[in-house]
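The data block below is model09.cif; it holds mmCIF, C-alpha atoms and all ligand atoms.
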data_model
#
loop_
_atom_site.label_atom_id
_atom_site.label_comp_id
_atom_site.auth_asym_id
_atom_site.auth_seq_id
_atom_site.Cartn_x
_atom_site.Cartn_y
_atom_site.Cartn_z
CA MET X 1 111.74 65.05 80.50
CA LYS X 2 111.93 68.02 82.81
CA TYR X 3 111.69 70.66 80.08
CA LYS X 4 109.57 70.68 76.96
CA ARG X 5 111.19 73.49 75.00
CA VAL X 6 114.86 74.35 75.48
CA LEU X 7 117.37 76.74 74.02
CA LEU X 8 120.83 75.23 73.79
CA LYS X 9 123.70 77.72 73.72
CA LEU X 10 127.00 76.39 72.41
CA SER X 11 130.14 78.45 72.24
CA GLY X 12 132.06 78.64 69.01
CA GLU X 13 135.25 77.77 70.82
CA SER X 14 133.93 74.43 71.99
CA LEU X 15 133.49 73.40 68.35
CA MET X 16 137.28 73.50 67.97
CA GLY X 17 137.68 70.38 70.09
CA LYS X 18 141.40 69.87 70.49
CA LYS X 19 142.19 72.05 67.51
CA SER X 20 143.29 75.65 67.87
CA PHE X 21 141.02 77.03 65.16
CA GLY X 22 137.94 76.11 63.15
CA ILE X 23 135.70 73.12 63.57
CA ASP X 24 136.48 69.65 64.85
CA ASN X 25 134.20 67.18 63.04
CA GLN X 26 134.25 64.64 65.81
CA ARG X 27 133.07 67.24 68.33
CA LEU X 28 130.43 68.46 65.90
CA ASN X 29 129.08 64.92 65.43
CA ASP X 30 129.11 64.25 69.15
CA TYR X 31 127.04 67.39 69.70
CA ALA X 32 124.63 66.32 66.93
CA GLN X 33 124.27 62.90 68.56
CA GLN X 34 123.58 64.38 71.99
CA ILE X 35 120.96 66.67 70.47
CA LYS X 36 119.40 63.69 68.68
CA ASP X 37 119.03 61.86 71.99
CA ILE X 38 116.73 64.57 73.35
CA TYR X 39 115.10 65.32 69.97
CA ASP X 40 114.04 61.65 69.70
CA VAL X 41 112.11 61.83 72.95
CA GLY X 42 110.16 64.87 71.79
CA VAL X 43 112.02 67.79 73.37
CA GLU X 44 111.68 70.96 71.27
CA VAL X 45 115.21 72.22 70.66
CA ALA X 46 116.39 75.64 69.53
CA ILE X 47 120.10 76.37 69.26
CA VAL X 48 122.32 79.44 69.29
CA ILE X 49 125.96 78.91 68.52
CA GLY X 50 128.81 81.40 68.95
CA GLY X 51 131.60 82.27 66.58
CA GLY X 52 134.61 82.57 68.84
CA ASN X 53 136.46 79.72 67.11
CA ILE X 54 136.58 81.85 63.95
CA PHE X 55 136.32 85.54 64.79
CA ARG X 56 135.40 87.86 67.62
CA GLY X 57 134.66 91.56 67.32
CA VAL X 58 137.28 92.50 69.90
CA GLN X 59 139.96 90.97 67.69
CA ALA X 60 139.11 93.58 65.06
CA GLU X 61 139.98 96.42 67.43
CA GLU X 62 143.30 94.79 68.25
CA GLY X 63 144.10 94.84 64.53
CA GLY X 64 143.13 98.49 64.22
CA MET X 65 139.80 97.66 62.58
CA ASP X 66 136.53 99.32 63.51
CA ARG X 67 134.73 97.40 66.32
CA THR X 68 131.36 97.49 64.59
CA HIS X 69 132.89 96.09 61.43
CA GLY X 70 134.51 93.33 63.50
CA ASP X 71 131.25 92.49 65.24
CA TYR X 72 129.52 91.92 61.90
CA MET X 73 132.40 89.62 60.97
CA GLY X 74 131.81 87.78 64.26
CA MET X 75 128.13 87.41 63.44
CA LEU X 76 129.07 85.94 60.06
CA ALA X 77 131.38 83.52 61.87
CA THR X 78 128.38 82.25 63.84
CA MET X 79 126.65 81.56 60.52
CA ILE X 80 129.52 79.31 59.44
CA ASN X 81 129.23 77.34 62.68
CA SER X 82 125.44 77.25 62.40
CA MET X 83 125.65 75.82 58.89
CA ALA X 84 128.18 73.21 60.02
CA LEU X 85 125.93 72.19 62.92
CA GLN X 86 122.88 72.08 60.66
CA ALA X 87 124.69 69.71 58.29
CA ALA X 88 125.68 67.47 61.22
CA LEU X 89 122.10 67.46 62.52
CA GLU X 90 120.67 66.60 59.12
CA SER X 91 123.08 63.70 58.68
CA ALA X 92 122.05 62.44 62.13
CA GLY X 93 118.49 62.35 60.79
CA ILE X 94 117.21 65.50 62.48
CA ASP X 95 114.86 67.81 60.62
CA SER X 96 116.16 71.37 61.07
CA ARG X 97 115.85 74.98 59.99
CA LEU X 98 118.43 77.75 60.12
CA GLN X 99 117.21 81.31 60.72
CA SER X 100 119.54 84.26 60.44
CA ALA X 101 119.30 87.65 62.13
CA ILE X 102 121.06 89.12 59.08
CA GLU X 103 119.29 88.41 55.85
CA MET X 104 121.03 85.86 53.59
CA LYS X 105 118.17 84.25 51.72
CA GLU X 106 120.23 81.75 49.80
CA ILE X 107 121.39 79.88 52.89
CA ALA X 108 118.98 80.67 55.72
CA GLU X 109 115.46 81.84 56.47
CA PRO X 110 115.28 85.31 57.95
CA PHE X 111 114.51 85.27 61.67
CA VAL X 112 110.74 85.31 62.12
CA ARG X 113 109.63 84.50 65.63
CA ARG X 114 106.25 82.99 64.79
CA ARG X 115 107.74 80.83 62.12
CA ALA X 116 110.48 79.62 64.46
CA VAL X 117 107.84 78.58 67.00
CA ARG X 118 105.88 76.75 64.30
CA HIS X 119 109.01 74.84 63.27
CA LEU X 120 109.57 73.77 66.86
CA GLU X 121 105.96 72.65 67.19
CA LYS X 122 106.35 70.59 64.05
CA GLY X 123 109.38 68.83 65.50
CA ARG X 124 112.15 70.72 63.72
CA VAL X 125 115.29 71.86 65.45
CA VAL X 126 115.76 75.60 64.86
CA ILE X 127 119.21 77.16 64.78
CA PHE X 128 119.37 80.93 65.26
CA GLY X 129 122.41 82.31 63.45
CA ALA X 130 124.09 85.74 63.26
CA GLY X 131 123.52 86.54 66.92
CA THR X 132 121.05 89.34 67.54
CA GLY X 133 121.97 90.97 64.24
CA ASN X 134 123.42 93.93 66.17
CA PRO X 135 127.01 94.82 67.00
CA TYR X 136 128.10 95.20 70.64
CA PHE X 137 126.16 92.12 71.68
CA THR X 138 127.26 88.55 72.24
CA THR X 139 125.75 85.24 71.28
CA ASP X 140 124.89 84.74 74.98
CA SER X 141 122.62 87.77 74.66
CA ALA X 142 121.22 86.37 71.43
CA ALA X 143 120.53 83.07 73.20
CA CYS X 144 118.67 84.76 76.07
CA LEU X 145 116.72 87.00 73.74
CA ARG X 146 115.62 84.18 71.44
CA ALA X 147 114.84 81.89 74.39
CA ILE X 148 112.50 84.52 75.81
CA GLU X 149 110.96 85.20 72.42
CA ILE X 150 110.13 81.54 71.77
CA ASN X 151 109.04 80.95 75.36
CA ALA X 152 111.71 78.37 76.11
CA ASP X 153 111.57 76.76 79.55
CA VAL X 154 115.30 77.03 80.12
CA ILE X 155 118.64 78.00 78.57
CA LEU X 156 121.16 75.18 78.55
CA LYS X 157 124.61 76.67 78.35
CA GLY X 158 126.98 73.95 77.21
CA THR X 159 130.55 74.71 78.22
CA ARG X 160 133.80 72.96 78.96
CA VAL X 161 133.41 73.25 82.73
CA ASP X 162 130.84 71.24 84.64
CA GLY X 163 129.12 74.14 86.38
CA ILE X 164 129.55 77.32 88.41
CA TYR X 165 132.15 77.28 91.21
CA THR X 166 132.80 79.52 94.20
CA ALA X 167 136.17 80.33 92.56
CA ASP X 168 138.11 79.22 89.50
CA PRO X 169 138.60 75.48 90.17
CA GLU X 170 141.76 75.42 88.06
CA LYS X 171 143.40 78.02 90.31
CA ASP X 172 141.77 77.31 93.67
CA PRO X 173 141.58 73.64 94.70
CA SER X 174 139.16 74.48 97.54
CA ALA X 175 136.62 75.89 95.07
CA LYS X 176 133.20 74.29 95.44
CA LYS X 177 130.59 73.71 92.75
CA PHE X 178 127.05 75.01 93.18
CA ASP X 179 124.22 72.63 92.28
CA SER X 180 121.90 75.60 92.23
CA ILE X 181 122.24 79.32 92.84
CA THR X 182 119.99 82.39 92.61
CA PHE X 183 120.53 85.20 90.14
CA ASP X 184 121.15 87.61 93.02
CA ASP X 185 123.86 85.43 94.51
CA VAL X 186 125.64 85.25 91.16
CA TYR X 187 125.75 89.07 91.11
CA LYS X 188 126.71 89.36 94.75
CA ASN X 189 129.58 86.90 94.53
CA GLY X 190 130.83 88.35 91.26
CA LEU X 191 130.52 84.96 89.54
CA LYS X 192 130.80 84.74 85.81
CA VAL X 193 128.01 82.89 84.03
CA MET X 194 127.35 85.07 80.98
CA ASP X 195 127.98 88.69 80.17
CA MET X 196 125.85 91.05 82.26
CA THR X 197 123.47 92.07 79.44
CA ALA X 198 122.59 88.44 78.76
CA PHE X 199 122.41 87.48 82.43
CA THR X 200 120.19 90.42 83.39
CA LEU X 201 117.84 89.62 80.52
CA CYS X 202 117.37 86.11 81.94
CA LYS X 203 116.95 87.32 85.51
CA GLU X 204 114.37 89.93 84.60
CA ASN X 205 112.39 87.46 82.53
CA ASP X 206 112.65 84.70 85.09
CA LEU X 207 114.36 82.36 82.65
CA PRO X 208 116.49 79.69 84.36
CA ILE X 209 119.98 78.93 83.05
CA ILE X 210 121.73 75.60 83.41
CA VAL X 211 125.50 75.66 82.96
CA PHE X 212 126.86 72.19 82.24
CA ASP X 213 129.69 70.31 80.57
CA MET X 214 128.53 69.55 77.04
CA ASP X 215 131.83 67.94 76.12
CA THR X 216 130.97 64.81 78.11
CA SER X 217 128.72 62.67 75.92
CA GLY X 218 125.31 61.95 77.42
CA ASN X 219 125.28 65.01 79.67
CA LEU X 220 122.68 66.90 77.67
CA LYS X 221 120.14 64.11 78.14
CA LYS X 222 120.96 63.89 81.85
CA VAL X 223 120.19 67.60 82.22
CA LEU X 224 116.85 67.06 80.51
CA LEU X 225 116.11 64.14 82.82
CA GLY X 226 116.58 66.50 85.75
CA GLU X 227 119.75 64.84 87.04
CA THR X 228 122.15 67.01 89.03
CA VAL X 229 124.52 67.81 86.21
CA GLY X 230 125.98 71.31 86.18
CA THR X 231 124.56 74.33 88.01
CA VAL X 232 121.02 75.70 87.81
CA VAL X 233 120.68 79.48 88.06
CA SER X 234 117.09 80.42 88.81
CA ASN X 235 114.71 82.36 91.03
CA GLU X 236 113.12 79.12 92.26
CA LYS X 237 114.82 79.34 95.63
CA VAL X 238 113.81 82.98 96.02
CA LYS X 239 110.20 82.13 95.21
CA GLU X 240 110.27 79.22 97.62
CA MET X 241 111.64 81.46 100.37
CA ILE X 242 109.02 84.16 99.70
CA GLU X 243 106.33 81.49 100.17
CA GLU X 244 107.93 80.25 103.40
CA LEU X 245 108.18 83.80 104.74
CA LYS X 246 104.56 84.50 103.87
CA MET X 247 103.56 81.51 105.95
CA ILE X 248 105.63 82.76 108.87
CA TYR X 249 104.01 86.23 108.67
CA ASP X 250 100.52 84.71 108.49
CA GLU X 251 101.11 82.50 111.49
CA PHE X 252 102.59 85.43 113.42
CA LYS X 253 99.60 87.64 112.63
CA GLY X 254 97.21 84.81 113.54
CA SER X 255 98.79 84.34 116.97
CA ASN X 256 98.73 88.08 117.60
CA ASP X 257 95.08 88.26 116.55
CA LYS X 258 94.34 85.62 119.16
CA SER X 259 96.16 87.66 121.83
CA LEU X 260 94.14 90.75 120.88
CA LYS X 261 90.84 88.82 120.97
CA HIS X 262 91.76 87.49 124.40
CA LEU X 263 92.62 90.99 125.60
CA GLU X 264 89.30 92.31 124.33
CA SER X 265 87.37 89.64 126.19
CA GLU X 266 89.36 90.27 129.38
CA LEU X 267 88.70 94.02 129.14
CA LEU X 268 84.98 93.36 128.77
CA LYS X 269 85.07 91.70 132.16
CA ILE X 270 86.51 94.79 133.80
CA ARG X 271 83.36 96.78 134.36
CA ALA X 272 83.36 100.47 133.82
CA GLY X 273 80.73 102.62 135.47
CA LYS X 274 78.05 102.34 132.79
CA ALA X 275 75.56 99.46 133.07
CA SER X 276 76.03 96.80 130.43
CA PRO X 277 74.71 93.22 130.05
CA SER X 278 78.29 91.99 129.67
CA MET X 279 78.77 92.76 133.38
CA LEU X 280 76.85 89.57 134.05
CA SER X 281 78.52 87.50 131.31
CA GLY X 282 80.47 85.35 133.76
CA VAL X 283 77.47 84.41 135.92
CA MET X 284 76.58 80.69 135.99
CA VAL X 285 73.10 79.60 137.10
CA ASP X 286 72.19 76.21 138.52
CA TYR X 287 69.57 75.17 135.96
CA TYR X 288 67.96 72.01 137.32
CA GLY X 289 71.29 70.70 138.46
CA SER X 290 73.49 71.81 135.56
CA PRO X 291 75.56 75.02 135.65
CA THR X 292 74.35 77.18 132.76
CA PRO X 293 75.41 80.69 131.60
CA LEU X 294 72.91 83.31 132.74
CA GLN X 295 72.34 84.48 129.14
CA GLN X 296 70.90 81.03 128.36
CA VAL X 297 68.18 81.24 130.97
CA ALA X 298 67.29 84.95 131.01
CA ASN X 299 67.25 88.18 128.99
CA VAL X 300 69.67 90.73 130.39
CA ASN X 301 68.99 94.35 129.37
CA THR X 302 70.06 97.85 130.30
CA MET X 303 67.23 100.02 131.53
CA ASP X 304 69.41 103.09 131.86
CA ALA X 305 73.10 103.90 132.50
CA ARG X 306 72.79 102.74 136.10
CA THR X 307 70.27 99.90 135.89
CA LEU X 308 70.24 96.35 134.52
CA THR X 309 67.19 94.10 134.29
CA VAL X 310 67.25 90.31 134.27
CA GLN X 311 64.11 88.65 132.91
CA PRO X 312 64.14 84.86 133.38
CA TRP X 313 62.62 82.74 130.63
CA GLU X 314 61.04 80.65 133.37
CA LYS X 315 59.69 82.61 136.30
CA SER X 316 60.60 79.76 138.66
CA MET X 317 64.26 80.48 137.98
CA LEU X 318 64.16 83.92 139.63
CA GLU X 319 65.45 82.65 142.93
CA GLU X 320 68.27 80.57 141.41
CA ILE X 321 69.37 83.53 139.29
CA MET X 322 69.35 85.83 142.30
CA LYS X 323 71.54 83.34 144.16
CA ALA X 324 73.92 83.04 141.24
CA ILE X 325 74.38 86.81 140.94
CA LEU X 326 75.08 87.19 144.62
CA HIS X 327 77.38 84.22 144.51
CA ALA X 328 79.37 85.75 141.61
CA ASN X 329 80.59 88.41 144.03
CA LEU X 330 80.22 91.31 141.63
CA GLY X 331 79.12 93.71 144.33
CA PHE X 332 75.52 93.72 142.97
CA THR X 333 72.40 93.26 145.08
CA PRO X 334 69.45 92.59 142.75
CA GLN X 335 65.89 93.45 143.71
CA ASP X 336 63.24 90.86 142.97
CA ASN X 337 59.88 92.35 141.95
CA GLY X 338 58.33 88.96 141.28
CA GLU X 339 58.81 89.20 137.49
CA VAL X 340 62.30 90.54 136.90
CA LEU X 341 65.44 91.23 138.82
CA ILE X 342 66.50 94.86 138.86
CA ILE X 343 70.14 95.63 139.51
CA ASN X 344 71.29 99.10 140.46
CA ILE X 345 74.89 99.56 139.50
CA PRO X 346 76.55 101.48 142.31
CA PRO X 347 78.73 104.34 141.03
CA LEU X 348 82.43 103.54 141.25
CA THR X 349 84.61 105.35 143.72
CA GLU X 350 87.67 107.20 142.44
CA GLU X 351 89.91 104.64 144.09
CA ARG X 352 88.03 101.74 142.53
CA ARG X 353 88.32 103.38 139.13
CA ARG X 354 92.08 103.70 139.50
CA ASP X 355 92.28 100.03 140.48
CA LEU X 356 90.33 99.03 137.41
CA VAL X 357 92.60 101.09 135.16
CA LYS X 358 95.56 99.32 136.73
CA LYS X 359 93.95 96.00 136.04
CA ALA X 360 93.24 96.96 132.43
CA LYS X 361 96.86 98.04 132.00
CA ALA X 362 98.08 94.75 133.43
CA GLU X 363 95.95 92.92 130.87
CA GLY X 364 97.53 95.11 128.18
CA GLU X 365 101.02 94.19 129.39
CA HIS X 366 100.04 90.55 129.38
CA ALA X 367 98.96 90.83 125.74
CA LYS X 368 102.23 92.55 124.86
CA VAL X 369 104.23 89.75 126.44
CA GLY X 370 102.28 87.34 124.22
CA ILE X 371 103.09 89.40 121.12
CA ARG X 372 106.77 89.53 122.10
CA ASN X 373 106.85 85.74 122.44
CA HIS X 374 105.21 85.28 119.06
CA ARG X 375 107.72 87.73 117.61
CA LYS X 376 110.59 85.64 118.95
CA ASP X 377 109.07 82.47 117.46
CA ALA X 378 108.72 84.18 114.08
CA MET X 379 112.29 85.50 114.19
CA ASP X 380 113.58 82.03 115.08
CA MET X 381 111.70 80.53 112.15
CA VAL X 382 113.25 83.10 109.80
CA LYS X 383 116.70 82.26 111.15
CA SER X 384 116.13 78.57 110.56
CA LEU X 385 115.47 79.32 106.87
CA LYS X 386 119.09 80.37 106.51
CA ASP X 387 120.07 76.73 106.27
CA GLU X 388 117.58 76.30 103.47
CA GLY X 389 119.11 79.09 101.41
CA LEU X 390 117.54 82.33 102.68
CA SER X 391 119.89 85.14 101.65
CA GLU X 392 121.11 87.74 104.15
CA ASP X 393 119.20 90.50 102.37
CA MET X 394 115.97 88.55 102.49
CA GLN X 395 116.56 87.73 106.15
CA LYS X 396 117.01 91.40 106.96
CA ASP X 397 113.85 92.36 105.07
CA ALA X 398 111.93 89.59 106.85
CA GLU X 399 113.12 90.80 110.26
CA ASP X 400 112.02 94.34 109.38
CA GLU X 401 108.63 93.04 108.28
CA ILE X 402 108.18 91.10 111.53
CA GLN X 403 109.08 94.22 113.49
CA ASN X 404 106.50 96.22 111.52
CA ILE X 405 103.83 93.65 112.23
CA THR X 406 104.84 93.70 115.92
CA ASN X 407 104.59 97.49 116.05
CA GLY X 408 101.15 97.40 114.45
CA PHE X 409 99.80 94.97 117.04
CA THR X 410 101.45 96.77 119.98
CA LYS X 411 99.77 99.96 118.81
CA LYS X 412 96.41 98.21 118.73
CA VAL X 413 96.92 97.03 122.34
CA ASP X 414 97.73 100.60 123.41
CA GLU X 415 94.63 101.90 121.68
CA LEU X 416 92.41 99.31 123.37
CA ILE X 417 93.84 100.16 126.78
CA ASP X 418 93.49 103.92 126.21
CA THR X 419 89.85 103.55 125.24
CA LYS X 420 89.20 101.32 128.24
CA GLU X 421 90.88 103.79 130.58
CA LYS X 422 88.73 106.66 129.29
CA ASP X 423 85.68 104.44 129.67
CA ILE X 424 86.51 103.61 133.28
CA MET X 425 87.42 107.17 134.28
CA THR X 426 84.36 108.80 132.69
CA ILE X 427 81.69 109.27 135.32
N1 LIG H 1 128.33 89.31 67.83
C1 LIG H 1 127.68 90.52 67.75
N2 LIG H 1 126.36 90.61 68.06
C2 LIG H 1 125.64 89.54 68.47
C3 LIG H 1 126.31 88.31 68.62
C4 LIG H 1 127.65 88.22 68.27
O1 LIG H 1 128.27 91.51 67.39
O2 LIG H 1 124.43 89.67 68.74
C5 LIG H 1 129.73 89.19 67.43
C6 LIG H 1 130.70 89.64 68.48
O3 LIG H 1 131.75 90.31 67.84
C7 LIG H 1 131.19 88.32 69.06
C8 LIG H 1 131.17 87.42 67.87
O4 LIG H 1 130.02 87.82 67.16
O5 LIG H 1 132.48 88.44 69.58
C9 LIG H 1 131.11 85.95 68.17
O6 LIG H 1 130.16 85.66 69.16
P1 LIG H 1 130.56 85.22 70.64
O7 LIG H 1 131.82 85.91 71.07
O8 LIG H 1 129.39 85.40 71.50
O9 LIG H 1 130.86 83.70 70.42
P2 LIG H 1 131.32 82.59 71.50
O10 LIG H 1 132.18 83.25 72.52
O11 LIG H 1 130.06 82.07 72.08
O12 LIG H 1 132.01 81.59 70.68
#

How does this structure look as structure tokens?
Amino acid sequence: MKYKRVLLKLSGESLMGKKSFGIDNQRLNDYAQQIKDIYDVGVEVAIVIGGGNIFRGVQAEEGGMDRTHGDYMGMLATMINSMALQAALESAGIDSRLQSAIEMKEIAEPFVRRRAVRHLEKGRVVIFGAGTGNPYFTTDSAACLRAIEINADVILKGTRVDGIYTADPEKDPSAKKFDSITFDDVYKNGLKVMDMTAFTLCKENDLPIIVFDMDTSGNLKKVLLGETVGTVVSNEKVKEMIEELKMIYDEFKGSNDKSLKHLESELLKIRAGKASPSMLSGVMVDYYGSPTPLQQVANVNTMDARTLTVQPWEKSMLEEIMKAILHANLGFTPQDNGEVLIINIPPLTEERRRDLVKKAKAEGEHAKVGIRNHRKDAMDMVKSLKDEGLSEDMQKDAEDEIQNITNGFTKKVDELIDTKEKDIMTI
């Protein structure tokens, strides 16, 4: 079974069956049987039932009665239905308890949350009667409230229709049924699932709602088995999309990090005036027949701002190293004193400096092109999520986020280039 603890919401009206008032016994027994089918396989079931088949608070106002007074009458109506359902459950062999939000000791326990949970754990079906106990609420609100209080996994709203449609299917033949929908999309499309108080309570507490046709025998069990019966309202899709987007952002940042790293290593190769061992980082030495990086055969150090020293680990390598440095075409002519090579770094001419700045800037542009390409890839990935249910709002937010990340990396490129330029131009 997909859910362990459920809250089943039944409307009072549905109890009427084909009648125009009161309770239809056949319908009542069918409901009891459907509940037994899931009870027998160990699902913990709590139930809230409405009172619309007997009395609704709004009717009171129509008759000139006080609304509050009428609402209490409506809550009492739910108690009549709850008692009828309890009797049907008991005769189907289901152990049950009725708890009322308005005290009436002779017929029901008062509502006590901990006790309700204990009943469920002991395998008793719990019916919550008298709504929330407060006027100006509905039994949908009572259902959401109780479901949250007892930590139910889902609210199952049994109705006469088989789910939520894009429009009223009785009026619009092109109306399509949703298999699943997010809370936000229900709001945005003005769809009616429950009254707003009830619906918002579920959304804010991340409690999924399944709207399904309870008047078709066997449907309740199908819902529990996870079959596509009715419409699921949940934040699942939103959560899934948030995860997907996070992955896109991470990948985007990762690619940009690589571009920055590459830029940094390219900038190191552009030598500024000051002597630094990295100036020789590209030099390859013929070490007994195999080309080997200079740093693996010698210590390269700065003696002062204008001088580098190269101390081979094997003295016999001096000549090979000398050749390699000359061959690298760096404009350096090392002096061999028999122990170490000494390289005087010639000061750069103004023109040379300007050339190097140009080169650094070109590297910066190259990095920016990389970032722009990664940005396009990320944007394309976001767009492709639309088919998987990414909402327009989320898409817009994701595009903004990608732009922010882009701006951050572009700024870092600019900073690197500025620093390099200052470095090159400082004599
Ligand atoms: N009611 C109320 N507070 C509650 C729940 C219900 O005042 O917490 C009253 C309200 O007047 C409502 C009536 O009880 O019209 C019957 O409940 P509802 O309309 O929700 O029943 P349903 O439409 O599900 O049959």

Exercise for the section: State, in Å with one decimal place, the distance from atom CA of X:Glu401 to atom CA of X:Lys386. Expected result: 16.5 Å

Handout entry: Expected answer as an NGL selection string: residues within 7 Å of ligand LIG 1 (chain H), all atoms listed in the file
Key = :X and (10-13 or 49-53 or 55-58 or 70-75 or 77-78 or 130-142)

Practice task
Would you please work out which residue, of X:Met247, X:Ile155, X:Leu294, X:Ile342, is nearest to X:Val223 when using all atoms listed in the file?
Solution key: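 Checking each of X:Met247, X:Ile155, X:Leu294, X:Ile342 against X:Val223, counting all atoms listed in the file, the winner is X:Ile155.
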
Practice task
Find the spatial neighbours of X:Thr302, counting all atoms listed in the file, within a cut-off of 10 Å - ignore same-chain residues fewer than 4 positions away - and output them as a list in words.
Solution key: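 Contacts, with the query itself left out: Lys274, Ala275, Ser276, Pro277, Arg306, Thr307, Leu308, Thr309, Val310, Ile342 and Ile343 of chain X.
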
Problem - Nearby residues (only C-alpha atoms) at most 12 Å from X:Glu90, same-chain spacing under 6 positions excluded, as JSON, numbers by chain - result: {"X": [29, 32, 33, 35, 36, 83, 84, 96, 97, 98, 124, 125, 126]}

Handout entry: Distance criterion (only C-alpha atoms): nearest to X:Ala298 out of X:Ser217, X:Phe128, X:Val340, X:Thr333
Key = X:Val340

Exercise for the section: Grab the atom CA of X:Ser20 to atom CA of X:Gln59 distance for me, in Å with one decimal place. Expected result: 15.7 Å

Please list as a PDB file with C-alpha atoms, in the frame of the given file every residue within 9 Å of X:Thr182, counting all atoms listed in the file and excluding residues in the same chain fewer than 5 positions away.
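Output below, filename out.pdb:
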ATOM      1  CA  TYR X 187     125.750  89.070  91.110  1.00  0.00           C
ATOM      2  CA  VAL X 232     121.020  75.700  87.810  1.00  0.00           C
ATOM      3  CA  VAL X 233     120.680  79.480  88.060  1.00  0.00           C
ATOM      4  CA  SER X 234     117.090  80.420  88.810  1.00  0.00           C
ATOM      5  CA  ASN X 235     114.710  82.360  91.030  1.00  0.00           C
ATOM      6  CA  GLU X 236     113.120  79.120  92.260  1.00  0.00           C
ATOM      7  CA  LYS X 237     114.820  79.340  95.630  1.00  0.00           C
ATOM      8  CA  VAL X 238     113.810  82.980  96.020  1.00  0.00           C
TER       9      VAL X 238
END

Exercise for the section: Could you check how far atom CA of X:Tyr31 sits from atom CA of X:Leu89, in Å to one decimal? Expected result: 8.7 Å

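The nearest approach to X:Gly17 among the residues X:Ala87, X:Phe111, X:Met79, X:Arg160, with only C-alpha atoms taken into account, belongs to X:Arg160.
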
Exercise for the section: Determine the nearest neighbour of X:Val382 from the options X:Met284, X:Leu85, X:Ile107, X:Leu245, counting only C-alpha atoms. Expected result: X:Leu245

Practice task
Do a neighbour search on X:Ile148 at 12 Å with all atoms listed in the file, toss out local chain neighbours closer than 6 positions, and write the hits as a list in words.
Solution key: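 So the residues in contact are Arg5, Val6, Leu7, Ala46, Arg113, Val117, Ser141, Ala142, Val154, Ile155, Ala198, Leu201, Cys202, Lys203, Glu204, Asn205, Asp206, Leu207, Pro208 and Ile209 of chain X.
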
Handout entry: Nearest to X:Val41, chosen from X:Val193, X:Leu341, X:Met1, X:Ile210, with only C-alpha atoms counted in the distances
Key = X:Met1

Problem - Near-X:Ile270 list (10 Å; all atoms listed in the file; drop same-chain fewer than 6 positions) as number ranges by chain - result: X: 278-279, 356-357, 359-360, 420, 424

Would you compute, for all listed atoms of stretch 199-203 of chain X, the axis-aligned bounding box grown by 8 Å on each side, and then report its centre and edge lengths in Å rounded to one decimal, as lines of an AutoDock Vina configuration file?
center_x = 119.7
center_y = 88.3
center_z = 83.0
size_x = 21.5
size_y = 20.3
size_z = 21.0

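Counting all atoms listed in the file and comparing X:Ala272, X:Val229, X:Ile402, X:Leu220, the residue that lies closest to X:Lys177 is X:Val229.
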
Using only C-alpha atoms and a cutoff of 12 Å, can you tell me which residues are near (104.7, 67.0, 65.0) in the file's coordinates, and write them out as a compact mmCIF listing (two decimals) with C-alpha atoms, in the frame of the given file?
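In the end it all went to point38.txt:
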# COMPACT_ATOMS: atom_id res chain seq x y z
CA TYR X 39 115.10 65.32 69.97
CA ASP X 40 114.04 61.65 69.70
CA GLY X 42 110.16 64.87 71.79
CA VAL X 43 112.02 67.79 73.37
CA GLU X 44 111.68 70.96 71.27
CA ASP X 95 114.86 67.81 60.62
CA ARG X 118 105.88 76.75 64.30
CA HIS X 119 109.01 74.84 63.27
CA LEU X 120 109.57 73.77 66.86
CA GLU X 121 105.96 72.65 67.19
CA LYS X 122 106.35 70.59 64.05
CA GLY X 123 109.38 68.83 65.50
CA ARG X 124 112.15 70.72 63.72
CA VAL X 125 115.29 71.86 65.45

Any chance you could model N, CA, C and O atoms for stretch 315-320 of chain X and send them as a short mmCIF file (atom, residue, chain, number, x, y, z; two decimals), in the frame of the given file?
data_model
loop_
_atom_site.label_atom_id
_atom_site.label_comp_id
_atom_site.auth_asym_id
_atom_site.auth_seq_id
_atom_site.Cartn_x
_atom_site.Cartn_y
_atom_site.Cartn_z
N LYS X 315 59.83 81.82 135.07
CA LYS X 315 59.69 82.61 136.30
C LYS X 315 60.29 81.89 137.50
O LYS X 315 60.88 82.51 138.39
N SER X 316 60.13 80.55 137.52
CA SER X 316 60.60 79.76 138.66
C SER X 316 62.11 79.86 138.86
O SER X 316 62.62 79.48 139.91
N MET X 317 62.81 80.39 137.86
CA MET X 317 64.26 80.48 137.98
C MET X 317 64.72 81.72 138.73
O MET X 317 65.90 81.89 139.02
N LEU X 318 63.78 82.65 139.01
CA LEU X 318 64.16 83.92 139.63
C LEU X 318 65.09 83.74 140.83
O LEU X 318 66.12 84.39 140.94
N GLU X 319 64.70 82.82 141.69
CA GLU X 319 65.45 82.65 142.93
C GLU X 319 66.87 82.14 142.66
O GLU X 319 67.84 82.64 143.22
N GLU X 320 66.95 81.14 141.76
CA GLU X 320 68.27 80.57 141.41
C GLU X 320 69.17 81.65 140.81
O GLU X 320 70.36 81.74 141.11
#
